[in-house]
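K.L.:
Just passing along the structure, written as structure tokens.
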Amino acid sequence: AELLLAHALGIERNALLLDLTRPAPDSFWPLVERRARQEPVAYITGTRGFWTLDLMVGPGALVPRVDSETLVDAALRHFRGRAPATLLDLGTGPGTLLLALLDEWRETRGLGVDRSPQALRYAVANAAACGVADRARFVCGDWAGALTGPFDCIVANPPYIGTAEPLSPEVRDYEPGSALFAGPDGLDDYRLLAPELRRLLAPGGAAVVEIGHEQAASVTVLLEAEGFAVTLHRDLGGRPRALLAH
């Protein structure tokens with residue numbers, strides 16, 4: 001309610017908390033009705049904070065989640081003191097991982113790939129708003145099919161939910177299914193990605209992929225079959241969340 005009211009008033013949430021006497025404008029109540037139907041808050045306000053950035057997001061693009069910051073942290077730790085020259089984000093959505101890392105690595109150039117034109121429109125706008133449009137390119141494609149590489153760092157947050165797994169209406173009814181579901185066991189896209197990561201990764205490079213919290217062993221096997229050494233990274237809740245392959 002605070003986020004929606006601040007949005008309706010055109011102020012930051014902290015400004016609202018410093019003055020709770022402000023009357024709710026008429027524009028607040030339609031926002032409440034949308035949220036009551038379980039529409040994601042990020043779609044209603046049009047933005048979501050991720051890492052150090054505020055990203056524009058809306059229907060057709062996966063809402064950035066704090067768990068995905070684990071990938072950013074893992075990449076920064078691996079490349080500590082030596083930023084990669086080239087970065088690839090497979091399934092970039094609204095540019096989430098790519099832009100967060102480009103904001104940290106000021107000399108790196110990045111490429112984001114997504115099969116959703118809607119998501120890419122947000123990514124292009126976010127790159128401009130974040131001041132990295134000169135170092136970020138985006139292409140519409142199906143994973144790495146048209147790419148040749150190599151890339152020093154590759155990040156990916158693929159779909160990893162099994163088609164029969166239950167989801168809250170907030171996710172199931174609003175966010176794009178193509179960014180969520182990956183076959184009966186949730187591993188279909190990892191099977192496609194593992195050999196592509198090996199093909200595209202530069203010598204000495206590293207790839208970081210997000211996983212469901214019960215998929216660490218299964219995805220590790222797929223990556224090790226491609227000759228990778230794999231390291232597990234946990235999210236702030238202590239759950240398995242990312243695998244770094246090098």
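Numbering starts fresh at 1 for the residues of each chain in the structure tokens, the chains themselves are lettered A, B, ... in the order given, and ligands are numbered from 1 as they appear.
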Within stretch 103-219 of chain A, find each residue whose DSSP state, derived from the backbone, is strand (DSSP E), and express the selection as a compact mmCIF listing (two decimals) with N, CA and C atoms, in the first residue's frame.

P.N.:
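And here's part_12.txt as it stands now:
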```
# COMPACT_ATOMS: atom_id res chain seq x y z
N ARG A 109 31.96 -4.31 -22.39
CA ARG A 109 30.89 -4.16 -23.39
C ARG A 109 30.03 -5.42 -23.33
N GLY A 110 28.70 -5.24 -23.46
CA GLY A 110 27.81 -6.37 -23.25
C GLY A 110 26.78 -6.55 -24.34
N LEU A 111 26.32 -7.79 -24.46
CA LEU A 111 25.27 -8.17 -25.41
C LEU A 111 24.18 -8.91 -24.65
N GLY A 112 22.92 -8.47 -24.83
CA GLY A 112 21.79 -9.14 -24.22
C GLY A 112 20.92 -9.79 -25.29
N VAL A 113 20.53 -11.03 -25.06
CA VAL A 113 19.71 -11.78 -26.01
C VAL A 113 18.41 -12.20 -25.33
N ASP A 114 17.30 -12.01 -26.03
CA ASP A 114 16.02 -12.49 -25.53
C ASP A 114 15.12 -12.75 -26.72
N ALA A 136 26.08 -1.37 -24.44
CA ALA A 136 25.13 -2.49 -24.41
C ALA A 136 24.41 -2.61 -25.74
N ARG A 137 24.36 -3.82 -26.27
CA ARG A 137 23.58 -4.11 -27.47
C ARG A 137 22.59 -5.22 -27.13
N PHE A 138 21.48 -5.23 -27.85
CA PHE A 138 20.46 -6.24 -27.62
C PHE A 138 20.00 -6.83 -28.94
N VAL A 139 19.79 -8.14 -28.95
CA VAL A 139 19.30 -8.81 -30.15
C VAL A 139 18.19 -9.77 -29.77
N CYS A 140 17.23 -9.91 -30.67
CA CYS A 140 16.13 -10.85 -30.48
C CYS A 140 16.56 -12.19 -31.05
N PHE A 151 33.01 -14.94 -25.46
CA PHE A 151 32.71 -13.95 -24.43
C PHE A 151 33.47 -14.32 -23.15
N ASP A 152 33.97 -13.30 -22.48
CA ASP A 152 34.74 -13.54 -21.26
C ASP A 152 33.84 -13.92 -20.08
N CYS A 153 32.63 -13.38 -20.06
CA CYS A 153 31.68 -13.71 -19.00
C CYS A 153 30.30 -13.90 -19.62
N ILE A 154 29.61 -14.95 -19.21
CA ILE A 154 28.25 -15.22 -19.67
C ILE A 154 27.37 -15.38 -18.43
N VAL A 155 26.24 -14.71 -18.43
CA VAL A 155 25.27 -14.88 -17.34
C VAL A 155 23.94 -15.28 -17.96
N ALA A 156 23.16 -16.04 -17.21
CA ALA A 156 21.87 -16.49 -17.72
C ALA A 156 20.93 -16.82 -16.56
N LEU A 201 32.21 -19.57 -24.49
CA LEU A 201 33.03 -19.00 -23.43
C LEU A 201 34.49 -18.93 -23.84
N ALA A 202 35.10 -17.77 -23.64
CA ALA A 202 36.51 -17.56 -23.96
C ALA A 202 37.39 -18.32 -22.96
N PRO A 203 38.60 -18.70 -23.36
CA PRO A 203 39.54 -19.32 -22.41
C PRO A 203 39.74 -18.43 -21.19
N GLY A 204 39.64 -19.01 -20.01
CA GLY A 204 39.79 -18.25 -18.78
C GLY A 204 38.54 -17.53 -18.34
N GLY A 205 37.45 -17.68 -19.12
CA GLY A 205 36.20 -17.02 -18.79
C GLY A 205 35.37 -17.81 -17.80
N ALA A 206 34.20 -17.26 -17.48
CA ALA A 206 33.31 -17.92 -16.54
C ALA A 206 31.86 -17.65 -16.92
N ALA A 207 31.02 -18.64 -16.68
CA ALA A 207 29.57 -18.50 -16.89
C ALA A 207 28.87 -18.67 -15.56
N VAL A 208 27.84 -17.86 -15.33
CA VAL A 208 27.05 -17.95 -14.10
C VAL A 208 25.59 -18.13 -14.49
N VAL A 209 24.96 -19.19 -13.99
CA VAL A 209 23.56 -19.46 -14.32
C VAL A 209 22.74 -19.56 -13.04
N GLU A 210 21.53 -19.04 -13.09
CA GLU A 210 20.62 -19.17 -11.97
C GLU A 210 19.95 -20.53 -12.02
```

K.L.:
Name all residues at most 9 Å from A:Trp105 (count only C-alpha atoms; drop same-chain ones fewer than 5 positions away) and give them as a tab-separated table (two decimals) with C-alpha atoms, in the first residue's frame.

P.N.:
```tsv
chain	number	residue	atom	x	y	z
A	76	LEU	CA	31.97	-9.83	-9.36
A	83	ALA	CA	36.78	-6.86	-15.29
A	84	PRO	CA	35.97	-8.97	-18.36
A	85	ALA	CA	36.16	-7.24	-21.73
A	100	ALA	CA	23.75	-4.43	-13.26
```

K.L.:
Pick out the closest residue to A:Phe79 from this set: A:Leu244, A:Thr45, A:Asp134, A:Pro30. Count only C-alpha atoms.

P.N.:
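That would be A:Leu244, the residue with the smallest distance to A:Phe79.
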
K.L.:
So, with only C-alpha atoms as the atoms that count, which of A:Ile211, A:Asn14, A:Leu222, A:Asp188 lies closest to A:Leu71?

P.N.:
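Ranked by minimum distance to A:Leu71, first place goes to A:Ile211.
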
K.L.:
Which residue out of A:Ser27, A:Asn157, A:Ser168, A:Ser218 has the minimum interatomic distance to A:Gly91 when only C-alpha atoms are used?

P.N.:
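Smallest separation from A:Gly91 among the options: A:Asn157.
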
K.L.:
Among stretch 65-193 of chain A, which residues does DSSP mark as alpha helix (DSSP H) when it is run on the backbone? Keep the chain and numbering as in the structure and answer as a tab-separated table (two decimals) with C-alpha atoms, in the first residue's frame.

P.N.:
```tsv
chain	number	residue	atom	x	y	z
A	69	GLU	CA	21.48	-10.61	-7.39
A	70	THR	CA	23.35	-13.77	-6.36
A	71	LEU	CA	24.56	-14.06	-9.97
A	72	VAL	CA	25.86	-10.50	-9.98
A	73	ASP	CA	27.71	-11.10	-6.72
A	74	ALA	CA	29.17	-14.39	-7.99
A	75	ALA	CA	30.44	-12.79	-11.20
A	76	LEU	CA	31.97	-9.83	-9.36
A	77	ARG	CA	33.73	-12.14	-6.92
A	78	HIS	CA	35.15	-14.32	-9.69
A	96	THR	CA	18.48	-7.13	-15.53
A	97	LEU	CA	21.82	-8.93	-15.15
A	98	LEU	CA	23.57	-7.27	-18.07
A	99	LEU	CA	22.94	-3.72	-16.91
A	100	ALA	CA	23.75	-4.43	-13.26
A	101	LEU	CA	27.14	-5.80	-14.26
A	102	LEU	CA	27.88	-3.10	-16.83
A	103	ASP	CA	27.23	-0.54	-14.10
A	104	GLU	CA	29.95	-2.25	-12.04
A	117	PRO	CA	10.47	-8.22	-28.35
A	118	GLN	CA	8.46	-6.77	-25.45
A	119	ALA	CA	11.21	-7.54	-22.96
A	120	LEU	CA	13.88	-6.13	-25.27
A	121	ARG	CA	12.05	-2.83	-25.57
A	122	TYR	CA	12.37	-2.46	-21.81
A	123	ALA	CA	16.03	-3.52	-21.98
A	124	VAL	CA	16.88	-0.86	-24.57
A	125	ALA	CA	15.08	1.82	-22.56
A	126	ASN	CA	16.78	0.71	-19.35
A	127	ALA	CA	20.22	0.79	-20.96
A	128	ALA	CA	19.63	4.39	-21.99
A	129	ALA	CA	18.24	5.38	-18.58
A	169	PRO	CA	-1.51	-16.19	-9.33
A	170	GLU	CA	0.73	-13.10	-9.15
A	171	VAL	CA	3.35	-14.97	-11.17
A	172	ARG	CA	1.30	-17.50	-13.15
A	188	ASP	CA	14.94	-28.31	-20.68
A	189	ASP	CA	16.74	-25.01	-21.17
A	190	TYR	CA	19.80	-26.06	-19.17
A	191	ARG	CA	20.19	-28.99	-21.54
A	192	LEU	CA	20.28	-26.55	-24.43
A	193	LEU	CA	22.50	-24.03	-22.69
```

K.L.:
Name all residues at most 9 Å from stretch 235-239 of chain A (count only C-alpha atoms; drop same-chain ones fewer than 2 positions away) and give them as a list in words.

P.N.:
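In the requested format, the answer is Val66, Asp67, Ser68, Glu69, Thr70, Leu71, Gly212, His213, Glu214, His233, Arg241 and Ala242 of chain A.
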
K.L.:
I need the chosen residues saved as a PDB file, in the first residue's frame, with N, CA, C and O atoms.

P.N.:
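The result, stored in selection.pdb:
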```pdb
ATOM      1  N   VAL A  66      15.248 -10.273  -6.217  1.00  0.00           N
ATOM      2  CA  VAL A  66      16.457 -10.092  -5.425  1.00  0.00           C
ATOM      3  C   VAL A  66      17.327 -11.342  -5.436  1.00  0.00           C
ATOM      4  O   VAL A  66      18.561 -11.251  -5.346  1.00  0.00           O
ATOM      5  N   ASP A  67      16.735 -12.536  -5.558  1.00  0.00           N
ATOM      6  CA  ASP A  67      17.531 -13.762  -5.597  1.00  0.00           C
ATOM      7  C   ASP A  67      18.537 -13.743  -6.744  1.00  0.00           C
ATOM      8  O   ASP A  67      19.627 -14.317  -6.634  1.00  0.00           O
ATOM      9  N   SER A  68      18.176 -13.078  -7.848  1.00  0.00           N
ATOM     10  CA  SER A  68      19.064 -13.041  -9.011  1.00  0.00           C
ATOM     11  C   SER A  68      20.300 -12.188  -8.770  1.00  0.00           C
ATOM     12  O   SER A  68      21.274 -12.280  -9.532  1.00  0.00           O
ATOM     13  N   GLU A  69      20.287 -11.365  -7.722  1.00  0.00           N
ATOM     14  CA  GLU A  69      21.481 -10.607  -7.389  1.00  0.00           C
ATOM     15  C   GLU A  69      22.635 -11.530  -7.006  1.00  0.00           C
ATOM     16  O   GLU A  69      23.804 -11.138  -7.041  1.00  0.00           O
ATOM     17  N   THR A  70      22.313 -12.781  -6.656  1.00  0.00           N
ATOM     18  CA  THR A  70      23.348 -13.767  -6.361  1.00  0.00           C
ATOM     19  C   THR A  70      24.276 -13.950  -7.551  1.00  0.00           C
ATOM     20  O   THR A  70      25.493 -14.144  -7.387  1.00  0.00           O
ATOM     21  N   LEU A  71      23.732 -13.901  -8.771  1.00  0.00           N
ATOM     22  CA  LEU A  71      24.555 -14.057  -9.970  1.00  0.00           C
ATOM     23  C   LEU A  71      25.517 -12.888 -10.138  1.00  0.00           C
ATOM     24  O   LEU A  71      26.682 -13.064 -10.512  1.00  0.00           O
ATOM     25  N   GLY A 212      16.911 -23.214  -9.831  1.00  0.00           N
ATOM     26  CA  GLY A 212      15.956 -23.419  -8.765  1.00  0.00           C
ATOM     27  C   GLY A 212      16.663 -24.046  -7.577  1.00  0.00           C
ATOM     28  O   GLY A 212      17.678 -24.743  -7.736  1.00  0.00           O
ATOM     29  N   HIS A 213      16.150 -23.834  -6.373  1.00  0.00           N
ATOM     30  CA  HIS A 213      16.903 -24.229  -5.180  1.00  0.00           C
ATOM     31  C   HIS A 213      17.042 -25.740  -5.020  1.00  0.00           C
ATOM     32  O   HIS A 213      17.829 -26.192  -4.174  1.00  0.00           O
ATOM     33  N   GLU A 214      16.332 -26.528  -5.835  1.00  0.00           N
ATOM     34  CA  GLU A 214      16.478 -27.978  -5.769  1.00  0.00           C
ATOM     35  C   GLU A 214      17.181 -28.545  -7.001  1.00  0.00           C
ATOM     36  O   GLU A 214      17.207 -29.763  -7.207  1.00  0.00           O
ATOM     37  N   HIS A 233      26.802 -21.114  -5.527  1.00  0.00           N
ATOM     38  CA  HIS A 233      26.619 -19.878  -4.749  1.00  0.00           C
ATOM     39  C   HIS A 233      25.194 -19.865  -4.202  1.00  0.00           C
ATOM     40  O   HIS A 233      24.246 -20.183  -4.917  1.00  0.00           O
ATOM     41  N   ARG A 241      21.412 -21.052  -5.416  1.00  0.00           N
ATOM     42  CA  ARG A 241      20.767 -20.121  -6.332  1.00  0.00           C
ATOM     43  C   ARG A 241      21.534 -19.917  -7.629  1.00  0.00           C
ATOM     44  O   ARG A 241      20.944 -19.576  -8.662  1.00  0.00           O
ATOM     45  N   ALA A 242      22.849 -20.130  -7.629  1.00  0.00           N
ATOM     46  CA  ALA A 242      23.615 -19.889  -8.857  1.00  0.00           C
ATOM     47  C   ALA A 242      24.770 -20.871  -8.930  1.00  0.00           C
ATOM     48  O   ALA A 242      25.347 -21.273  -7.897  1.00  0.00           O
TER      49      ALA A 242
END
```

K.L.:
Point out the residue among A:Gln38, A:Thr108, A:Thr86, A:Ser116 with the least atom-to-atom distance to A:Gly60, counting only C-alpha atoms.

P.N.:
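Looking at the shortest contact to A:Gly60, the residue is A:Ser116.
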
K.L.:
Applying 12 Å and only C-alpha atoms, which residues near A:Glu165 remain after dropping the ones on its own chain fewer than 5 positions away? List them as a list in words.

P.N.:
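Surrounding residues, per the criterion: Tyr160, Arg172, Leu180, Phe181, Ala182, Gly183, Pro184, Asp185, Gly186 and Gly212 of chain A.
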
K.L.:
I need the residues from that last selection saved to file as an mmCIF file, in the first residue's frame (with C-alpha atoms), if you can.

P.N.:
```
data_model
loop_
_atom_site.group_PDB
_atom_site.id
_atom_site.type_symbol
_atom_site.label_atom_id
_atom_site.label_comp_id
_atom_site.auth_asym_id
_atom_site.auth_seq_id
_atom_site.Cartn_x
_atom_site.Cartn_y
_atom_site.Cartn_z
ATOM 1 C CA TYR A 160 13.591 -23.450 -14.627
ATOM 2 C CA ARG A 172 1.299 -17.499 -13.148
ATOM 3 C CA LEU A 180 9.189 -19.360 -16.332
ATOM 4 C CA PHE A 181 8.548 -22.903 -17.549
ATOM 5 C CA ALA A 182 11.095 -25.371 -18.920
ATOM 6 C CA GLY A 183 9.500 -28.762 -19.426
ATOM 7 C CA PRO A 184 8.266 -31.336 -16.897
ATOM 8 C CA ASP A 185 11.438 -31.256 -14.774
ATOM 9 C CA GLY A 186 12.364 -27.609 -15.351
ATOM 10 C CA GLY A 212 15.956 -23.419 -8.765
#
```

K.L.:
For atom CA of A:Ala146 and atom CA of A:Leu232, determine how far apart the two atoms are, in Å to one decimal place.

P.N.:
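Here the two named atoms are 29.0 Å from each other.
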